[in-house]
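A.B. asks: Below is the structure I would like to discuss, written out as structure tokens.
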Amino acid sequence: MNSFSSIKTLLSCSSLRSSTFLQQVRHKKYPLQPKIQNPIWFAKKERATFDEQLTKENQAFVKEMVYAKYGPPAIIHGVETLDLSRSLLKQEPVVSGEWTPGIRRTGLIARKIGVYPMWMKDGKKVATTLLQVVDNYVIKYISPEEYQASRKAPRRYKNEGKWGCLVVGAECCDPQKFTKEYCGLFKDSGVAPTKILSRFLVSPEAAIQPGTSLSPLHFKVGDHIDVFGISKERGFQGVMKRWGFKGMPATHGVTKTHRRGGNIGQGGNKGRVFPGTKMPGWMGGRRRTLRGCQILRINTKFNVIFVKGQSVPGGQNSVVFLHDTLLPLKWRKTSPEAFPTYFPNLQEGDSLPVDIYHESVHNFSDPSIMYEDEEVKDAKK
Amino acid sequence: MSNLVLFQLRKSTVALSAISKLNKTHIEIQFNFKYLVGQLSQRLQSTSSQVVVRENTKREQKRVVPPNYRHIYPEFLPDPNMEFRNSVREKLERTDMINRRSRIEIPEFYVGSILAVTSSDEHAVGKTTKFVGICIKREFCGLRANFTLRNVVDNLGVEIKYEMYDPRLQRVQVLRLEKRLDSELLYLRDADPEFSTFPFDMDAEFLNEGAPVPVNPLKVNLRPPPWYARWERLQPKGAIIPELRGRRKEKSEKWLEKFSEPWEKYDLMKQYRKTIPEEEQDSIYSDIYSELHQMEIASKKLKRKKAFVKPKKTG
């Protein structure tokens with residue numbers, strides 16, 4: 001009896017409990033690949049095109065109905081889309097909360113349209129990547145509870161149930177191209193079915209009501225953003241191109257192993273190839289993120305964001321996604337001007353400059369850069 | 001003209017007539033046909049080509065942009081590789097280029113012209129440097145456009161690559177406007193230094209307005225190898241290649257026999273892929289014509305002022 005009571009007292013002491021009943025935890029040491037979880041809006045997008053045997057009049061009628069419902073075709077900011085101004089919401093988005101550090105805003109969908117050089121005011125040349133924000137619309141907001149119930153998150157996500165989900169679409173087009181169920185996703189938003197659909201995890205305070213259009217002025221010049229997209233496909237590549245291995249010498253008796261990887265492990269206890277070993281294989285075509293790129297310039301005429309750097313994943317005209325950076329040293333410390341997003345003021349819209357430059361960037365219509373002589377500088381002081 | 005091209009032309013005319021019979025327009029075939037005839041219209045005279053030539057003259061009547069703009073402002077034409085094309089990016093790039101050109105006059109020049117470039121340099125005495133040299137290379141399009149100047153200073157060959165739209169450039173001056181026989185003069189590196197030596201205090205030479213740009217038929221003697229490149233294979237027109245001996249001579253002869261492609265100049269599709277079609281060139285230049293033309297007028301006025309010397313009183 002005495003011994004039993006002593007064990008009981010031991011159990012009640014939490015510090016001792018942890019030390020006495022240590023259980024071995026077995027787990028994989030390499031990161032898990034996320035399991036494929038279909039999003040809520042997952043629906044078959046494209047349908048097989050077949051001859052519907054419509055007369056010309058009927059075809060014209062269908063087109064007319066589409067334009068009557070969503071708006072006439074128009075070229076907005078240099079992109080062919082539908083003019084949705086009639087069908088969209090016109091009131092300002094409802095702000096459900098105030099900005100505090102750590103709050104996540106929505107992101108944008110853009111197309112990478114090229115790379116060209118710009119010069120800083122000190123004469124340094126930088127490569128900038130041009131990201132065109134084509135017509136972006138909020139299509140759906142799903143609250144954290146609802147969103148969490150629909151998907152089983154892997155345990156490694158710490159902030160379970162913290163983020164809601166904002167579905168954003170880009171590039172409106174004729175709904176006849178898509179299936180009925182896909183078009184049904186856009187029913188409540190007043191937006192024409194879009195070619196591209198994406199989700200952004202947002203805080204419930206930064207939720208935006210469906211039908212709101214998003215513009216590149218959601219970000220400000222000088223902000224740091226993360227850009228992700230699908231990288232270029234390179235096919236099945238060797239170890240030198242895929243992982244940057246050095247290869248083997250060209251001469252000195254080396255035969256048939258000039259571009260091979262060499263040893264991939266030893267025998268003995270190990271007796272196998274560790275998962276994750278760098279080996280030849282399919283290169284590219286994976287989701288990759290470029291973090292912490294700075295916005296140097298925003299063109300409001302064509303909705304183009306100029307981002308410093310040239311290693312944005314994907315080829316020319318490929319789709320990329322932008323959001324506030326998650327890098328701890330570069331993330332937002334003060335409240336953004338556009339929260340939860342930028343809402344265009346019609347009066348302000350006329351006075352917006354075509355190009356907004358960062359203070360460190362040289363404007364091409366400014367005079368040439370001249371360096372001041374140090375003696376002159378000293379004399380001024 | 002080879003028979004092959006003639007055959008192609010005849011085939012396409014047949015296709016076109018067949019299509020016109022059906023009262024349908026097929027843009028692609030029509031376009032290729034136009035291109036073919038545009039290339040050969042000067043040499044061939046057939047009934048079908050005359051039709052298209054007449055069409056061309058119609059277009060020329062409408063055209064405002066001078067035809068020599070593609071030689072004067074080649075960097076406004078985008079890279080013909082479809083992988084890198086995007087109309088919005090090209091427009092933005094062009095406006096940026098025009099904005100820069102409104103601040104600095106970038107004159108007409110060619111490979112072989114002699115230029116003087118003044119630029120700001122952080123490490124130079126007085127923070128500016130001037131370099132005079134012969135333009136041996138012009139590269140790229142858009143804001144990346146650049147040119148390389150070469151000169152021999154204190155018996156040392158010096159080459160500087162300048163970006164055309166670099167805001168550090170203060171002044172670009174053409175001292176002698178002329179062309180050479182080649183589109184690249186990199187063989188000057190393997191020629192005697194006298195061919196690429198130019199005095200820094202050289203005066204600008206004036207050309208009459210509207211006069212064609214002279215072509216300098218100068219042929220340069222190359223030193224014996226080792227060379228920067230295998231000139232015996234590239235066969236530049238403006239270089240006299242010394243006779244090679246032994247193994248190298250054999251090799252070069254074999255290579256020329258094996259890899260020379262005399263039919264390449266008749267490969268119209270290859271040319272088409274490497275260039276921007278004329279219609280597109282017109283649309284590009286007509287966008288920026290008014291700005292460029294105004295800049296030209298302003299620079300001409302300045303030039304006239306400089307060229308005019310006040311008559312002195314005599315007697």
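To be explicit about the labels: the chains of the structure tokens are called A, B, and onward in the order shown, and within each one the residues are counted from 1, while ligands get numbers from 1 in the order they are shown.
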Hey, which bits of chain A sit within 6 Å of chain B, and for each residue what's the closest pair of atoms and how far apart in Å (one decimal), counting only C-alpha atoms, rows by chain and increasing number, as CSV?
C.D. replies:
residue,atom,partner,partner_atom,distance
A:Phe364,CA,B:Arg100,CA,5.0
A:Ser365,CA,B:Asn99,CA,4.7
A:Pro367,CA,B:Arg103,CA,5.8
A:Ser368,CA,B:Pro167,CA,4.8
A:Ile369,CA,B:Arg168,CA,5.1
A:Met370,CA,B:Ser120,CA,5.8
A:Tyr371,CA,B:Lys127,CA,5.9
A.B. asks: Based on DSSP run over this structure's backbone, return all residues of segment 106-315 of chain B in strand (DSSP E), as a PyMOL selection string.
C.D. replies: chain B and resi 114-120+128-139+146-153+156-163+169-176+220-221+239-240
A.B. asks: Grab the residues selected above and save them as a compact mmCIF listing (two decimals), in the first residue's frame with C-alpha atoms.
C.D. replies:
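Saved as again20.txt:
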# COMPACT_ATOMS: atom_id res chain seq x y z
CA ILE B 114 34.08 57.15 -84.44
CA LEU B 115 32.42 58.38 -81.25
CA ALA B 116 33.33 60.50 -78.25
CA VAL B 117 31.50 59.64 -75.05
CA THR B 118 31.52 61.78 -71.92
CA SER B 119 30.25 60.00 -68.83
CA SER B 120 30.25 60.53 -65.10
CA THR B 128 33.81 62.82 -65.53
CA THR B 129 35.70 60.97 -68.25
CA LYS B 130 35.82 61.29 -71.98
CA PHE B 131 36.67 58.41 -74.26
CA VAL B 132 37.14 58.46 -78.01
CA GLY B 133 37.14 55.33 -80.11
CA ILE B 134 35.79 53.39 -83.02
CA CYS B 135 32.51 51.56 -82.51
CA ILE B 136 33.30 47.89 -83.03
CA LYS B 137 30.07 46.30 -81.83
CA ARG B 138 26.41 47.11 -81.23
CA GLU B 139 24.31 44.69 -79.23
CA ASN B 146 24.90 48.89 -75.82
CA PHE B 147 27.92 49.64 -77.97
CA THR B 148 31.64 49.03 -77.60
CA LEU B 149 34.32 51.61 -78.37
CA ARG B 150 37.93 50.70 -79.09
CA ASN B 151 41.06 52.79 -79.08
CA VAL B 152 44.77 52.28 -78.47
CA VAL B 153 46.07 54.37 -75.57
CA LEU B 156 47.54 49.39 -75.06
CA GLY B 157 44.27 48.42 -76.66
CA VAL B 158 41.33 49.74 -74.61
CA GLU B 159 37.71 48.80 -75.12
CA ILE B 160 34.80 50.27 -73.19
CA LYS B 161 31.25 49.00 -73.37
CA TYR B 162 28.63 51.72 -72.90
CA GLU B 163 24.95 51.15 -72.21
CA LEU B 169 26.23 59.15 -69.94
CA GLN B 170 26.49 62.91 -70.28
CA ARG B 171 27.18 63.33 -73.95
CA VAL B 172 27.49 61.11 -77.00
CA GLN B 173 29.12 62.76 -79.99
CA VAL B 174 29.75 61.33 -83.44
CA LEU B 175 33.12 62.52 -84.71
CA ARG B 176 33.04 60.64 -88.00
CA VAL B 220 42.74 45.68 -92.48
CA ASN B 221 45.86 43.49 -92.39
CA ALA B 239 40.09 41.91 -93.08
CA ILE B 240 42.97 40.53 -95.13
A.B. asks: Near Leu84 of chain A, within 6 Å and counting only C-alpha atoms, which residues show up once chain neighbours fewer than 2 positions away are dropped, as number ranges by chain?
C.D. replies: A: 70-71, 82, 86-88
A.B. asks: Just how far from atom CA of Glu75 of chain B is atom CA of Lys301 of chain B, in Å to one decimal?
C.D. replies: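 Separating atom CA of Lys301 of chain B from atom CA of Glu75 of chain B is a distance of 24.6 Å.
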A.B. asks: Set the distance at 10 Å and use only C-alpha atoms: which residues neighbour Asp226 of chain A once local chain neighbours fewer than 2 positions away are removed? I'd like the list as a PyMOL selection string.
C.D. replies: chain A and resi 107+224+228+289-294+312+321-327
A.B. asks: Those residues with N, CA, C and O atoms, as a PDB file, in the first residue's frame please?
C.D. replies:
ATOM      1  N   GLY A 107      -3.196  38.565 -51.259  1.00  0.00           N
ATOM      2  CA  GLY A 107      -2.143  38.705 -52.261  1.00  0.00           C
ATOM      3  C   GLY A 107      -2.742  39.065 -53.605  1.00  0.00           C
ATOM      4  O   GLY A 107      -3.933  39.343 -53.714  1.00  0.00           O
ATOM      5  N   HIS A 224       8.460  45.064 -49.407  1.00  0.00           N
ATOM      6  CA  HIS A 224       9.087  43.787 -49.759  1.00  0.00           C
ATOM      7  C   HIS A 224       7.994  42.739 -49.929  1.00  0.00           C
ATOM      8  O   HIS A 224       7.109  42.630 -49.081  1.00  0.00           O
ATOM      9  N   PHE A 228       5.624  33.812 -55.760  1.00  0.00           N
ATOM     10  CA  PHE A 228       5.765  32.382 -56.049  1.00  0.00           C
ATOM     11  C   PHE A 228       5.062  32.012 -57.339  1.00  0.00           C
ATOM     12  O   PHE A 228       4.150  32.696 -57.796  1.00  0.00           O
ATOM     13  N   THR A 289       9.376  29.825 -54.487  1.00  0.00           N
ATOM     14  CA  THR A 289       9.106  31.164 -53.982  1.00  0.00           C
ATOM     15  C   THR A 289      10.385  31.991 -53.953  1.00  0.00           C
ATOM     16  O   THR A 289      11.423  31.503 -53.515  1.00  0.00           O
ATOM     17  N   LEU A 290      10.282  33.224 -54.442  1.00  0.00           N
ATOM     18  CA  LEU A 290      11.380  34.185 -54.284  1.00  0.00           C
ATOM     19  C   LEU A 290      10.940  35.140 -53.199  1.00  0.00           C
ATOM     20  O   LEU A 290       9.934  35.833 -53.341  1.00  0.00           O
ATOM     21  N   ARG A 291      11.669  35.138 -52.110  1.00  0.00           N
ATOM     22  CA  ARG A 291      11.221  35.911 -50.949  1.00  0.00           C
ATOM     23  C   ARG A 291      11.933  37.257 -50.837  1.00  0.00           C
ATOM     24  O   ARG A 291      13.091  37.383 -51.207  1.00  0.00           O
ATOM     25  N   GLY A 292      11.199  38.223 -50.325  1.00  0.00           N
ATOM     26  CA  GLY A 292      11.802  39.509 -49.950  1.00  0.00           C
ATOM     27  C   GLY A 292      12.276  40.345 -51.103  1.00  0.00           C
ATOM     28  O   GLY A 292      13.330  40.956 -51.005  1.00  0.00           O
ATOM     29  N   CYS A 293      11.539  40.384 -52.236  1.00  0.00           N
ATOM     30  CA  CYS A 293      11.981  41.291 -53.299  1.00  0.00           C
ATOM     31  C   CYS A 293      11.328  42.651 -53.118  1.00  0.00           C
ATOM     32  O   CYS A 293      10.154  42.748 -52.760  1.00  0.00           O
ATOM     33  N   GLN A 294      12.092  43.675 -53.395  1.00  0.00           N
ATOM     34  CA  GLN A 294      11.630  45.036 -53.146  1.00  0.00           C
ATOM     35  C   GLN A 294      10.931  45.593 -54.383  1.00  0.00           C
ATOM     36  O   GLN A 294      11.361  45.350 -55.507  1.00  0.00           O
ATOM     37  N   VAL A 312      12.619  35.637 -60.537  1.00  0.00           N
ATOM     38  CA  VAL A 312      11.225  35.272 -60.284  1.00  0.00           C
ATOM     39  C   VAL A 312      10.934  33.960 -61.023  1.00  0.00           C
ATOM     40  O   VAL A 312      11.276  33.839 -62.197  1.00  0.00           O
ATOM     41  N   PHE A 321       2.266  34.684 -58.228  1.00  0.00           N
ATOM     42  CA  PHE A 321       1.408  35.156 -57.142  1.00  0.00           C
ATOM     43  C   PHE A 321       2.237  35.980 -56.165  1.00  0.00           C
ATOM     44  O   PHE A 321       3.352  35.585 -55.825  1.00  0.00           O
ATOM     45  N   LEU A 322       1.710  37.132 -55.757  1.00  0.00           N
ATOM     46  CA  LEU A 322       2.465  38.034 -54.892  1.00  0.00           C
ATOM     47  C   LEU A 322       1.756  38.189 -53.557  1.00  0.00           C
ATOM     48  O   LEU A 322       0.531  38.247 -53.507  1.00  0.00           O
ATOM     49  N   HIS A 323       2.523  38.255 -52.481  1.00  0.00           N
ATOM     50  CA  HIS A 323       1.938  38.623 -51.189  1.00  0.00           C
ATOM     51  C   HIS A 323       2.998  39.273 -50.327  1.00  0.00           C
ATOM     52  O   HIS A 323       4.188  39.215 -50.646  1.00  0.00           O
ATOM     53  N   ASP A 324       2.571  39.888 -49.220  1.00  0.00           N
ATOM     54  CA  ASP A 324       3.531  40.526 -48.309  1.00  0.00           C
ATOM     55  C   ASP A 324       4.550  39.500 -47.852  1.00  0.00           C
ATOM     56  O   ASP A 324       4.203  38.341 -47.612  1.00  0.00           O
ATOM     57  N   THR A 325       5.784  39.941 -47.692  1.00  0.00           N
ATOM     58  CA  THR A 325       6.833  38.963 -47.403  1.00  0.00           C
ATOM     59  C   THR A 325       6.657  38.359 -46.016  1.00  0.00           C
ATOM     60  O   THR A 325       6.136  38.982 -45.092  1.00  0.00           O
ATOM     61  N   LEU A 326       7.096  37.107 -45.882  1.00  0.00           N
ATOM     62  CA  LEU A 326       7.042  36.416 -44.600  1.00  0.00           C
ATOM     63  C   LEU A 326       8.415  36.397 -43.931  1.00  0.00           C
ATOM     64  O   LEU A 326       8.581  35.794 -42.878  1.00  0.00           O
ATOM     65  N   LEU A 327       9.405  37.047 -44.575  1.00  0.00           N
ATOM     66  CA  LEU A 327      10.742  37.074 -43.977  1.00  0.00           C
ATOM     67  C   LEU A 327      10.701  37.929 -42.712  1.00  0.00           C
ATOM     68  O   LEU A 327      10.243  39.067 -42.749  1.00  0.00           O
TER      69      LEU A 327
END
A.B. asks: When you count only C-alpha atoms, which of these residues is closest to Ser231 of chain A: A:Ser360, A:Gln23, A:Thr128, A:Ser318?
C.D. replies: A:Ser318
A.B. asks: What residues in segment 147-274 of chain B get the DSSP label helix (DSSP H, G or I)? Please answer as an mmCIF file with N, CA and C atoms, in the first residue's frame.
C.D. replies:
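Output file result05.cif follows:
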data_model
loop_
_atom_site.group_PDB
_atom_site.id
_atom_site.type_symbol
_atom_site.label_atom_id
_atom_site.label_comp_id
_atom_site.auth_asym_id
_atom_site.auth_seq_id
_atom_site.Cartn_x
_atom_site.Cartn_y
_atom_site.Cartn_z
ATOM 1 N N LEU B 186 35.372 43.135 -84.589
ATOM 2 C CA LEU B 186 36.171 42.566 -83.504
ATOM 3 C C LEU B 186 37.567 42.148 -83.988
ATOM 4 N N TYR B 187 37.728 42.018 -85.320
ATOM 5 C CA TYR B 187 39.051 41.625 -85.849
ATOM 6 C C TYR B 187 40.082 42.724 -85.683
ATOM 7 N N LEU B 188 39.643 43.929 -85.300
ATOM 8 C CA LEU B 188 40.629 44.998 -85.053
ATOM 9 C C LEU B 188 41.553 44.632 -83.890
ATOM 10 N N ARG B 189 41.086 43.712 -83.041
ATOM 11 C CA ARG B 189 41.920 43.265 -81.919
ATOM 12 C C ARG B 189 43.158 42.519 -82.419
ATOM 13 N N ASP B 190 43.021 41.870 -83.583
ATOM 14 C CA ASP B 190 44.132 41.095 -84.131
ATOM 15 C C ASP B 190 44.811 41.816 -85.290
ATOM 16 N N PRO B 193 47.912 48.008 -84.430
ATOM 17 C CA PRO B 193 47.274 49.034 -83.592
ATOM 18 C C PRO B 193 46.945 50.321 -84.337
ATOM 19 N N GLU B 194 47.651 50.561 -85.462
ATOM 20 C CA GLU B 194 47.400 51.816 -86.188
ATOM 21 C C GLU B 194 45.952 51.925 -86.680
ATOM 22 N N PHE B 195 45.318 50.736 -86.918
ATOM 23 C CA PHE B 195 43.953 50.753 -87.440
ATOM 24 C C PHE B 195 42.917 51.116 -86.382
ATOM 25 N N SER B 196 43.303 50.988 -85.126
ATOM 26 C CA SER B 196 42.337 51.363 -84.093
ATOM 27 C C SER B 196 42.906 52.435 -83.161
ATOM 28 N N TRP B 231 39.329 33.660 -87.622
ATOM 29 C CA TRP B 231 38.885 34.545 -88.718
ATOM 30 C C TRP B 231 38.861 33.829 -90.055
ATOM 31 N N GLU B 232 39.704 32.789 -90.191
ATOM 32 C CA GLU B 232 39.726 32.066 -91.470
ATOM 33 C C GLU B 232 38.384 31.367 -91.727
ATOM 34 N N ARG B 233 37.662 31.084 -90.657
ATOM 35 C CA ARG B 233 36.340 30.473 -90.812
ATOM 36 C C ARG B 233 35.266 31.520 -91.001
ATOM 37 N N LEU B 234 35.363 32.624 -90.229
ATOM 38 C CA LEU B 234 34.308 33.636 -90.266
ATOM 39 C C LEU B 234 34.386 34.494 -91.526
ATOM 40 N N GLY B 246 50.395 24.658 -92.882
ATOM 41 C CA GLY B 246 50.402 23.368 -92.190
ATOM 42 C C GLY B 246 49.025 22.869 -91.796
ATOM 43 N N ARG B 247 48.955 22.362 -90.563
ATOM 44 C CA ARG B 247 47.761 21.688 -90.056
ATOM 45 C C ARG B 247 46.551 22.624 -90.016
ATOM 46 N N ARG B 248 46.796 23.869 -89.584
ATOM 47 C CA ARG B 248 45.680 24.814 -89.434
ATOM 48 C C ARG B 248 45.021 25.107 -90.776
ATOM 49 N N LYS B 249 45.863 25.192 -91.814
ATOM 50 C CA LYS B 249 45.328 25.453 -93.154
ATOM 51 C C LYS B 249 44.429 24.289 -93.600
ATOM 52 N N GLU B 250 44.958 23.081 -93.397
ATOM 53 C CA GLU B 250 44.181 21.881 -93.765
ATOM 54 C C GLU B 250 42.852 21.854 -93.038
ATOM 55 N N LYS B 251 42.926 22.121 -91.726
ATOM 56 C CA LYS B 251 41.727 22.061 -90.890
ATOM 57 C C LYS B 251 40.681 23.061 -91.358
ATOM 58 N N SER B 252 41.140 24.280 -91.620
ATOM 59 C CA SER B 252 40.181 25.328 -91.984
ATOM 60 C C SER B 252 39.515 25.003 -93.313
ATOM 61 N N GLU B 253 40.322 24.456 -94.249
ATOM 62 C CA GLU B 253 39.755 24.086 -95.554
ATOM 63 C C GLU B 253 38.701 23.001 -95.397
ATOM 64 N N LYS B 254 39.049 22.009 -94.574
ATOM 65 C CA LYS B 254 38.111 20.914 -94.327
ATOM 66 C C LYS B 254 36.829 21.437 -93.698
ATOM 67 N N TRP B 255 36.993 22.334 -92.732
ATOM 68 C CA TRP B 255 35.831 22.869 -91.986
ATOM 69 C C TRP B 255 34.911 23.627 -92.928
ATOM 70 N N LEU B 256 35.544 24.456 -93.780
ATOM 71 C CA LEU B 256 34.735 25.254 -94.709
ATOM 72 C C LEU B 256 33.942 24.349 -95.640
ATOM 73 N N GLU B 257 34.612 23.268 -96.066
ATOM 74 C CA GLU B 257 33.961 22.315 -96.961
ATOM 75 C C GLU B 257 32.784 21.629 -96.271
ATOM 76 N N LYS B 258 32.998 21.302 -94.996
ATOM 77 C CA LYS B 258 32.020 20.501 -94.261
ATOM 78 C C LYS B 258 30.841 21.350 -93.782
ATOM 79 N N PHE B 259 31.124 22.525 -93.253
ATOM 80 C CA PHE B 259 30.086 23.275 -92.554
ATOM 81 C C PHE B 259 29.557 24.502 -93.295
ATOM 82 N N PRO B 262 25.994 27.405 -98.195
ATOM 83 C CA PRO B 262 25.758 28.432 -99.210
ATOM 84 C C PRO B 262 24.275 28.682 -99.460
ATOM 85 N N TRP B 263 23.420 27.722 -99.083
ATOM 86 C CA TRP B 263 21.975 27.887 -99.316
ATOM 87 C C TRP B 263 21.309 28.732 -98.233
ATOM 88 N N GLU B 264 22.093 29.077 -97.187
ATOM 89 C CA GLU B 264 21.516 29.744 -96.028
ATOM 90 C C GLU B 264 20.870 31.074 -96.402
ATOM 91 N N LYS B 265 21.493 31.773 -97.357
ATOM 92 C CA LYS B 265 20.953 33.099 -97.697
ATOM 93 C C LYS B 265 19.627 33.009 -98.438
ATOM 94 N N TYR B 266 19.299 31.811 -98.939
ATOM 95 C CA TYR B 266 17.992 31.652 -99.586
ATOM 96 C C TYR B 266 16.937 31.106 -98.630
ATOM 97 N N LEU B 268 14.349 31.573 -96.554
ATOM 98 C CA LEU B 268 13.504 32.724 -96.233
ATOM 99 C C LEU B 268 12.879 32.597 -94.842
ATOM 100 N N MET B 269 12.547 31.370 -94.438
ATOM 101 C CA MET B 269 11.929 31.199 -93.122
ATOM 102 C C MET B 269 12.898 31.563 -92.014
ATOM 103 N N LYS B 270 14.175 31.249 -92.239
ATOM 104 C CA LYS B 270 15.194 31.581 -91.246
ATOM 105 C C LYS B 270 15.283 33.097 -91.090
ATOM 106 N N GLN B 271 15.275 33.762 -92.240
ATOM 107 C CA GLN B 271 15.296 35.242 -92.210
ATOM 108 C C GLN B 271 14.074 35.784 -91.510
ATOM 109 N N TYR B 272 12.938 35.162 -91.792
ATOM 110 C CA TYR B 272 11.672 35.625 -91.214
ATOM 111 C C TYR B 272 11.700 35.508 -89.701
ATOM 112 N N ARG B 273 12.249 34.390 -89.217
ATOM 113 C CA ARG B 273 12.303 34.179 -87.774
ATOM 114 C C ARG B 273 13.284 35.123 -87.094
ATOM 115 N N LYS B 274 14.313 35.556 -87.854
ATOM 116 C CA LYS B 274 15.343 36.400 -87.246
ATOM 117 C C LYS B 274 14.981 37.871 -87.259
#
A.B. asks: Kindly indicate which residue among A:Phe186, A:Tyr137, A:Trp163, A:Tyr116 lies nearest to Thr212 of chain A, using only C-alpha atoms for the distances.
C.D. replies: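 Closest residue, counting only C-alpha atoms: A:Tyr137.
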A.B. asks: Identify, on the basis of only C-alpha atoms, every residue whose closest approach to Arg180 of chain B does not exceed 10 Å; exclude the query and any residue fewer than 4 positions from it along the same chain; express the result as a PyMOL selection string.
C.D. replies: chain B and resi 110-113+136+184-185+214-219+237-238
A.B. asks: Rounded to one decimal, what separation in Å do you get between atom CA of Tyr147 of chain A and atom CA of Arg105 of chain A?
C.D. replies: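 So the two atoms, atom CA of Tyr147 of chain A and atom CA of Arg105 of chain A, lie 16.6 Å apart.
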A.B. asks: Work out how far atom CA of Tyr67 of chain A is from atom CA of Lys112 of chain A, in Å to one decimal.
C.D. replies: 28.8 Å
